[in-house]
Structures are given as C-alpha cells and as structure tokens.
file model.pdb (PDB, C-alpha atoms)
MODEL        1
ATOM      1  CA  MET A  10     124.611  22.919 106.854
ATOM      2  CA  VAL A  11     127.181  23.368 109.565
ATOM      3  CA  ALA A  12     127.466  26.523 111.609
ATOM      4  CA  GLY A  13     130.159  28.778 110.245
ATOM      5  CA  SER A  14     129.843  27.549 106.687
ATOM      6  CA  LEU A  15     128.219  30.796 105.545
ATOM      7  CA  GLN A  16     130.959  33.062 106.840
ATOM      8  CA  ARG A  17     132.841  33.010 103.545
ATOM      9  CA  LYS A  18     131.972  35.889 101.254
ATOM     10  CA  GLU A  19     131.581  33.564  98.265
ATOM     11  CA  ASP A  20     128.775  31.722 100.112
ATOM     12  CA  ARG A  21     126.560  34.810 100.139
ATOM     13  CA  LYS A  22     123.836  35.193  97.527
ATOM     14  CA  LYS A  23     123.522  31.422  97.237
ATOM     15  CA  ASN A  24     120.191  29.717  96.790
ATOM     16  CA  LEU A  25     119.599  28.032 100.138
ATOM     17  CA  ALA A  26     115.902  27.365  99.582
ATOM     18  CA  LEU A  27     114.432  24.431 101.515
ATOM     19  CA  THR A  28     117.620  24.115 103.576
ATOM     20  CA  PRO A  29     117.261  22.826 107.145
ATOM     21  CA  PHE A  30     119.733  24.702 109.329
ATOM     22  CA  ALA A  31     121.796  23.588 112.299
ATOM     23  CA  LYS A  32     121.368  25.363 115.613
ATOM     24  CA  PRO A  33     122.769  27.850 116.602
ATOM     25  CA  LEU A  34     123.735  30.164 113.747
ATOM     26  CA  ILE A  35     125.140  33.062 115.748
ATOM     27  CA  LYS A  36     126.530  35.982 113.706
ATOM     28  CA  GLN A  37     125.973  34.180 110.397
ATOM     29  CA  ASP A  38     125.812  36.261 107.233
ATOM     30  CA  PHE A  39     122.790  35.477 105.039
ATOM     31  CA  LYS A  40     122.833  38.818 103.186
ATOM     32  CA  THR A  41     120.980  38.654  99.868
ATOM     33  CA  SER A  42     120.580  34.864 100.151
ATOM     34  CA  ILE A  43     117.581  33.000  98.774
ATOM     35  CA  LEU A  44     116.088  31.328 101.830
ATOM     36  CA  ARG A  45     112.629  30.420 100.508
ATOM     37  CA  GLN A  46     110.946  27.792 102.685
ATOM     38  CA  ALA A  47     114.134  27.374 104.758
ATOM     39  CA  ASN A  48     113.601  25.818 108.188
ATOM     40  CA  PHE A  49     114.973  28.050 110.947
ATOM     41  CA  LYS A  50     112.474  26.795 113.549
ATOM     42  CA  GLY A  51     113.872  27.290 117.045
ATOM     43  CA  THR A  52     117.262  28.434 115.725
ATOM     44  CA  LYS A  53     119.398  30.944 117.641
ATOM     45  CA  LEU A  54     120.229  33.634 115.087
ATOM     46  CA  LEU A  55     121.747  36.147 117.509
ATOM     47  CA  GLY A  56     123.619  38.797 115.563
ATOM     48  CA  ALA A  57     122.877  37.116 112.229
ATOM     49  CA  SER A  58     122.459  39.326 109.189
ATOM     50  CA  ILE A  59     119.651  38.460 106.807
ATOM     51  CA  PHE A  60     119.491  41.842 105.100
ATOM     52  CA  ASP A  61     117.728  41.699 101.735
ATOM     53  CA  ALA A  62     117.344  37.905 101.955
ATOM     54  CA  ASP A  63     114.328  36.243 100.336
ATOM     55  CA  LEU A  64     112.543  34.506 103.222
ATOM     56  CA  THR A  65     109.303  33.752 101.385
ATOM     57  CA  GLY A  66     107.646  30.785 103.080
ATOM     58  CA  ALA A  67     110.512  30.321 105.565
ATOM     59  CA  ASP A  68     109.755  28.896 109.013
ATOM     60  CA  LEU A  69     111.284  31.148 111.657
ATOM     61  CA  SER A  70     108.899  30.081 114.396
ATOM     62  CA  GLU A  71     110.454  30.092 117.861
ATOM     63  CA  ALA A  72     113.703  31.522 116.417
ATOM     64  CA  ASP A  73     115.718  34.038 118.422
ATOM     65  CA  LEU A  74     116.915  36.973 116.315
ATOM     66  CA  ARG A  75     117.537  39.457 119.121
ATOM     67  CA  THR A  76     119.970  42.377 118.788
ATOM     68  CA  ASP A  77     121.027  44.430 115.828
ATOM     69  CA  ASN A  78     119.882  42.620 112.704
ATOM     70  CA  SER A  79     118.446  43.944 109.492
ATOM     71  CA  PHE A  80     115.893  41.979 107.572
ATOM     72  CA  SER A  81     112.726  41.939 105.567
ATOM     73  CA  TYR A  82     110.142  39.165 105.681
ATOM     74  CA  LEU A  83     107.477  38.134 103.260
ATOM     75  CA  LEU A  84     104.958  35.392 103.897
ATOM     76  CA  ALA A  85     107.066  33.708 106.581
ATOM     77  CA  ASN A  86     106.065  31.823 109.734
ATOM     78  CA  LEU A  87     107.397  34.018 112.532
ATOM     79  CA  SER A  88     105.222  32.598 115.324
ATOM     80  CA  ASN A  89     106.718  32.876 118.811
ATOM     81  CA  MET A  90     109.872  34.526 117.431
ATOM     82  CA  ASN A  91     111.888  36.890 119.618
ATOM     83  CA  LEU A  92     112.728  40.014 117.602
ATOM     84  CA  GLU A  93     113.639  42.202 120.579
ATOM     85  CA  SER A  94     115.749  45.217 119.519
ATOM     86  CA  THR A  95     116.009  43.986 115.933
ATOM     87  CA  THR A  96     116.495  46.585 113.204
ATOM     88  CA  VAL A  97     114.107  46.402 110.271
ATOM     89  CA  THR A  98     114.619  48.104 106.933
ATOM     90  CA  GLY A  99     112.287  50.826 105.728
ATOM     91  CA  ASN A 100     110.675  48.577 103.140
ATOM     92  CA  THR A 101     110.041  45.673 105.553
ATOM     93  CA  SER A 102     106.587  44.200 105.257
ATOM     94  CA  PHE A 103     105.113  41.547 107.525
ATOM     95  CA  LYS A 104     101.924  41.260 105.451
ATOM     96  CA  GLY A 105     100.963  37.639 105.042
ATOM     97  CA  SER A 106     103.379  36.481 107.759
ATOM     98  CA  ASN A 107     102.239  34.605 110.861
ATOM     99  CA  ILE A 108     103.164  36.910 113.772
ATOM    100  CA  THR A 109     101.332  35.074 116.570
ATOM    101  CA  GLY A 110     103.371  35.359 119.770
ATOM    102  CA  VAL A 111     106.154  37.459 118.221
ATOM    103  CA  ASP A 112     107.994  39.770 120.630
ATOM    104  CA  PHE A 113     108.529  43.114 118.851
ATOM    105  CA  LYS A 114     109.942  44.902 121.927
ATOM    106  CA  ASP A 115     112.116  47.879 120.895
ATOM    107  CA  VAL A 116     111.768  47.108 117.162
ATOM    108  CA  PRO A 117     111.507  50.360 115.186
ATOM    109  CA  LEU A 118     108.637  50.089 112.709
ATOM    110  CA  ARG A 119     107.068  52.453 110.207
ATOM    111  CA  ASP A 120     103.703  53.778 111.432
ATOM    112  CA  ASP A 121     101.785  52.086 108.610
ATOM    113  CA  GLU A 122     103.458  48.744 109.348
ATOM    114  CA  ARG A 123     102.749  49.034 113.106
ATOM    115  CA  GLU A 124      99.119  49.904 112.334
ATOM    116  CA  TYR A 125      98.776  46.808 110.126
ATOM    117  CA  LEU A 126     100.485  44.555 112.684
ATOM    118  CA  CYS A 127      98.212  45.803 115.480
ATOM    119  CA  LYS A 128      95.198  44.699 113.422
ATOM    120  CA  VAL A 129      96.444  41.103 113.184
ATOM    121  CA  ALA A 130      98.544  40.761 116.363
ATOM    122  CA  ASP A 131      97.715  38.144 118.971
ATOM    123  CA  GLY A 132      99.398  35.705 121.278
ATOM    124  CA  VAL A 133     102.081  35.793 123.947
ATOM    125  CA  ASN A 134     105.727  34.944 123.346
ATOM    126  CA  PRO A 135     106.416  31.740 125.326
ATOM    127  CA  THR A 136     110.046  32.683 126.011
ATOM    128  CA  THR A 137     109.704  36.332 127.068
ATOM    129  CA  GLY A 138     106.116  36.222 128.356
ATOM    130  CA  ASN A 139     105.333  39.432 126.440
ATOM    131  CA  ALA A 140     102.059  39.820 124.537
ATOM    132  CA  THR A 141     102.569  40.620 120.861
ATOM    133  CA  ARG A 142     100.108  43.547 120.987
ATOM    134  CA  ASP A 143     101.910  45.011 124.024
ATOM    135  CA  THR A 144     105.333  44.836 122.348
ATOM    136  CA  LEU A 145     103.882  46.612 119.296
ATOM    137  CA  LEU A 146     102.499  49.350 121.567
ATOM    138  CA  CYS A 147      98.982  48.819 120.184
ATOM    139  CA  ASN A 148      96.151  50.837 121.772
TER
ENDMDL
END
call {"tool": "encode", "arguments": {"input": "model.pdb", "output": "structure tokens"}}
result
Amino acid sequence: MVAGSLQRKEDRKKNLALTPFAKPLIKQDFKTSILRQANFKGTKLLGASIFDADLTGADLSEADLRTDNSFSYLLANLSNMNLESTTVTGNTSFKGSNITGVDFKDVPLRDDEREYLCKVADGVNPTTGNATRDTLLCN
C-alpha cells in the first residue's frame, strides 16, 4: 500500500484487513475502514483519521498518532504508542488492548475508561520517556 492511496473517497470503507502499511501515513483517511489485524507497527500516523475503523487485532505498537485524531480501538496492540493530544470518541474502549508504554498525555478520556486503564497501565514510552500511569493521571 503506498502512502496517499487512501486519500480518494472511494477507498474509504474498504476491507484492509491483514494489510501491511508503508511508513509514514501522514493525514491518511481510514474512516470506517476494516483494519482487522493490520500491521501499523512503528508507522507515523500524524493527523490520520481512523474514526469508526475496525482495528480488532491490529498492531499499532510504536506507532505515532499524535495530534487531533478520532478513533476507537478494540483488542489491538498499542504498546509503546504515542497518543499525545489524540481525540477519542465517547464510546472508545481500550479493554483487551495492550497499552504497555502508551503515552496518553492530554488525551481526554471518560472517567470509567481512565479508571480501567489505570488498573492495567504499566511501562514507559521509549520515545517520550513518559510513564503510562503518569500520562493517565493515575493516583
């Protein structure tokens, strides 16, 4: 998959399951796409939109999704991901996702979601040096 190939409106909502992606994918539009088990490991996704995408089983470890993005994750590998200042939708759930080393700095979360994440949070983001529990403002 070449960068820029998802900019066309007709490419949205496609089944991109198991797709390995090129790096970087800055400002790509993955809205409502099926991205099950897709490999985004280490990919720069700055400004990308993955709103309402199905990311079940996707590998987003070490990916950089900073800035204003909207997304929801389910059972994805998010380890060491930088989510700084990312926007999450009200129905976002991280339950079942690997959040070890994720930087959640300035990510607005529902109270119940933050409470859950604080129970399972551990690790330090290798890029930012921030502890996951600290970025979640856990007690």
call {"tool": "residues_near_point", "arguments": {"input": "model.pdb", "point": "(104.1, 38.8, 102.8)", "cutoff": "8 Å", "atoms": "all atoms listed in the file", "output": "PyMOL selection string"}}
result
chain A and resi 65+82-85+102-106
call {"tool": "resolve_selection", "arguments": {"input": "model.pdb", "expression": "the PyMOL selection byres ((chain A and resi 125) around 12)", "output": "MDAnalysis selection string"}}
result
chainID A and resid 102:106 108 118:124 126:130 142 145 147
call {"tool": "closest_residue", "arguments": {"input": "model.pdb", "among": "A:Asp131, A:Asp143, A:Asp73, A:Asp61", "to": "A:Lys32", "atoms": "all atoms listed in the file"}}
result
A:Asp73
call {"tool": "closest_residue", "arguments": {"input": "model.pdb", "among": "A:Asp68, A:Asp63, A:Asp112, A:Asp38", "to": "A:Glu93", "atoms": "only C-alpha atoms"}}
result
A:Asp112
call {"tool": "closest_residue", "arguments": {"input": "model.pdb", "among": "A:Gly110, A:Gly132, A:Gly138, A:Gly56", "to": "A:Ile35", "atoms": "only C-alpha atoms"}}
result
A:Gly56
call {"tool": "resolve_selection", "arguments": {"input": "model.pdb", "expression": "the PyMOL selection byres ((chain A and resi 52) around 6)", "output": "PDB file with C-alpha atoms, in the coordinates of the input"}}
result
ATOM      1  CA  LYS A  32     121.368  25.363 115.613  1.00  0.00           C
ATOM      2  CA  PRO A  33     122.769  27.850 116.602  1.00  0.00           C
ATOM      3  CA  PHE A  49     114.973  28.050 110.947  1.00  0.00           C
ATOM      4  CA  LYS A  50     112.474  26.795 113.549  1.00  0.00           C
ATOM      5  CA  GLY A  51     113.872  27.290 117.045  1.00  0.00           C
ATOM      6  CA  LYS A  53     119.398  30.944 117.641  1.00  0.00           C
ATOM      7  CA  ALA A  72     113.703  31.522 116.417  1.00  0.00           C
TER       8      ALA A  72
END
call {"tool": "closest_residue", "arguments": {"input": "model.pdb", "among": "A:Leu55, A:Val116, A:Ala47, A:Leu34", "to": "A:Asn86", "atoms": "only C-alpha atoms"}}
result
A:Ala47
call {"tool": "atom_distance", "arguments": {"input": "model.pdb", "atom1": "atom CA of A:Thr144", "atom2": "atom CA of A:Arg45"}}
result
27.2 Å
call {"tool": "atom_distance", "arguments": {"input": "model.pdb", "atom1": "atom CA of A:Pro117", "atom2": "atom CA of A:Leu74"}}
result
14.5 Å
call {"tool": "atom_distance", "arguments": {"input": "model.pdb", "atom1": "atom CA of A:Asp115", "atom2": "atom CA of A:Ile43"}}
result
27.2 Å
call {"tool": "residues_around", "arguments": {"input": "model.pdb", "residues": "A:Phe39", "least_positions_apart": "2", "cutoff": "6 Å", "atoms": "only C-alpha atoms", "output": "PyMOL selection string"}}
result
chain A and resi 42+58-59
call {"tool": "write_last_selection", "arguments": {"input": "model.pdb", "atoms": "C-alpha atoms", "output": "PDB file, keeping the file's coordinate frame"}}
result
ATOM      1  CA  SER A  42     120.580  34.864 100.151  1.00  0.00           C
ATOM      2  CA  SER A  58     122.459  39.326 109.189  1.00  0.00           C
ATOM      3  CA  ILE A  59     119.651  38.460 106.807  1.00  0.00           C
TER       4      ILE A  59
END
call {"tool": "resolve_selection", "arguments": {"input": "model.pdb", "expression": "the PyMOL selection byres ((chain A and resi 94) around 7)", "output": "number ranges by chain"}}
result
A: 75-77, 92-93, 95-96, 114-116
call {"tool": "closest_residue", "arguments": {"input": "model.pdb", "among": "A:Gln37, A:Thr109, A:Asn134, A:Asn148", "to": "A:Leu87", "atoms": "all atoms listed in the file"}}
result
A:Thr109
call {"tool": "closest_residue", "arguments": {"input": "model.pdb", "among": "A:Val111, A:Leu146, A:Lys36, A:Asn100", "to": "A:Leu69", "atoms": "all atoms listed in the file"}}
result
A:Val111
call {"tool": "axis_aligned_box", "arguments": {"input": "model.pdb", "around": "stretch 110-126 of chain A", "padding_each_side": "6 Å", "output": "AutoDock Vina command-line options"}}
result
--center_x 105.4 --center_y 44.6 --center_z 115.3 --size_x 25.3 --size_y 30.4 --size_z 25.3
call {"tool": "decode", "arguments": {"input": "model.pdb", "residues": "stretch 111-125 of chain A", "atoms": "N, CA, C and O atoms", "output": "tab-separated table (two decimals), in the first residue's frame"}}
result
chain	number	residue	atom	x	y	z
A	111	VAL	N	2.18	3.08	26.54
A	111	VAL	CA	1.44	4.07	25.74
A	111	VAL	C	1.49	5.43	26.43
A	111	VAL	O	1.33	5.54	27.64
A	112	ASP	N	1.72	6.48	25.66
A	112	ASP	CA	1.70	7.85	26.18
A	112	ASP	C	0.32	8.45	25.90
A	112	ASP	O	-0.03	8.71	24.76
A	113	PHE	N	-0.46	8.63	26.97
A	113	PHE	CA	-1.82	9.18	26.89
A	113	PHE	C	-1.86	10.67	27.24
A	113	PHE	O	-2.93	11.20	27.54
A	114	LYS	N	-0.72	11.35	27.20
A	114	LYS	CA	-0.68	12.76	27.61
A	114	LYS	C	-1.71	13.59	26.84
A	114	LYS	O	-1.77	13.54	25.62
A	115	ASP	N	-2.53	14.33	27.60
A	115	ASP	CA	-3.54	15.24	27.05
A	115	ASP	C	-4.60	14.55	26.20
A	115	ASP	O	-5.17	15.16	25.30
A	116	VAL	N	-4.85	13.26	26.47
A	116	VAL	CA	-5.92	12.53	25.77
A	116	VAL	C	-7.16	12.57	26.67
A	116	VAL	O	-7.13	12.08	27.80
A	117	PRO	N	-8.25	13.18	26.19
A	117	PRO	CA	-9.46	13.23	27.01
A	117	PRO	C	-10.13	11.86	27.04
A	117	PRO	O	-10.43	11.29	26.00
A	118	LEU	N	-10.33	11.34	28.25
A	118	LEU	CA	-10.95	10.02	28.41
A	118	LEU	C	-12.14	10.11	29.36
A	118	LEU	O	-12.15	10.95	30.27
A	119	ARG	N	-13.12	9.25	29.14
A	119	ARG	CA	-14.22	9.14	30.09
A	119	ARG	C	-13.64	8.66	31.43
A	119	ARG	O	-12.65	7.93	31.47
A	120	ASP	N	-14.27	9.02	32.53
A	120	ASP	CA	-13.78	8.62	33.85
A	120	ASP	C	-13.71	7.11	34.01
A	120	ASP	O	-12.75	6.58	34.56
A	121	ASP	N	-14.75	6.39	33.52
A	121	ASP	CA	-14.74	4.94	33.66
A	121	ASP	C	-13.62	4.30	32.84
A	121	ASP	O	-13.01	3.32	33.26
A	122	GLU	N	-13.31	4.87	31.69
A	122	GLU	CA	-12.24	4.34	30.86
A	122	GLU	C	-10.88	4.61	31.50
A	122	GLU	O	-10.01	3.75	31.54
A	123	ARG	N	-10.69	5.82	32.05
A	123	ARG	CA	-9.44	6.16	32.74
A	123	ARG	C	-9.24	5.24	33.95
A	123	ARG	O	-8.14	4.75	34.19
A	124	GLU	N	-10.33	5.00	34.70
A	124	GLU	CA	-10.24	4.12	35.86
A	124	GLU	C	-9.80	2.72	35.45
A	124	GLU	O	-8.93	2.11	36.08
A	125	TYR	N	-10.39	2.19	34.39
A	125	TYR	CA	-9.99	0.87	33.89
A	125	TYR	C	-8.52	0.87	33.46
A	125	TYR	O	-7.75	-0.02	33.82
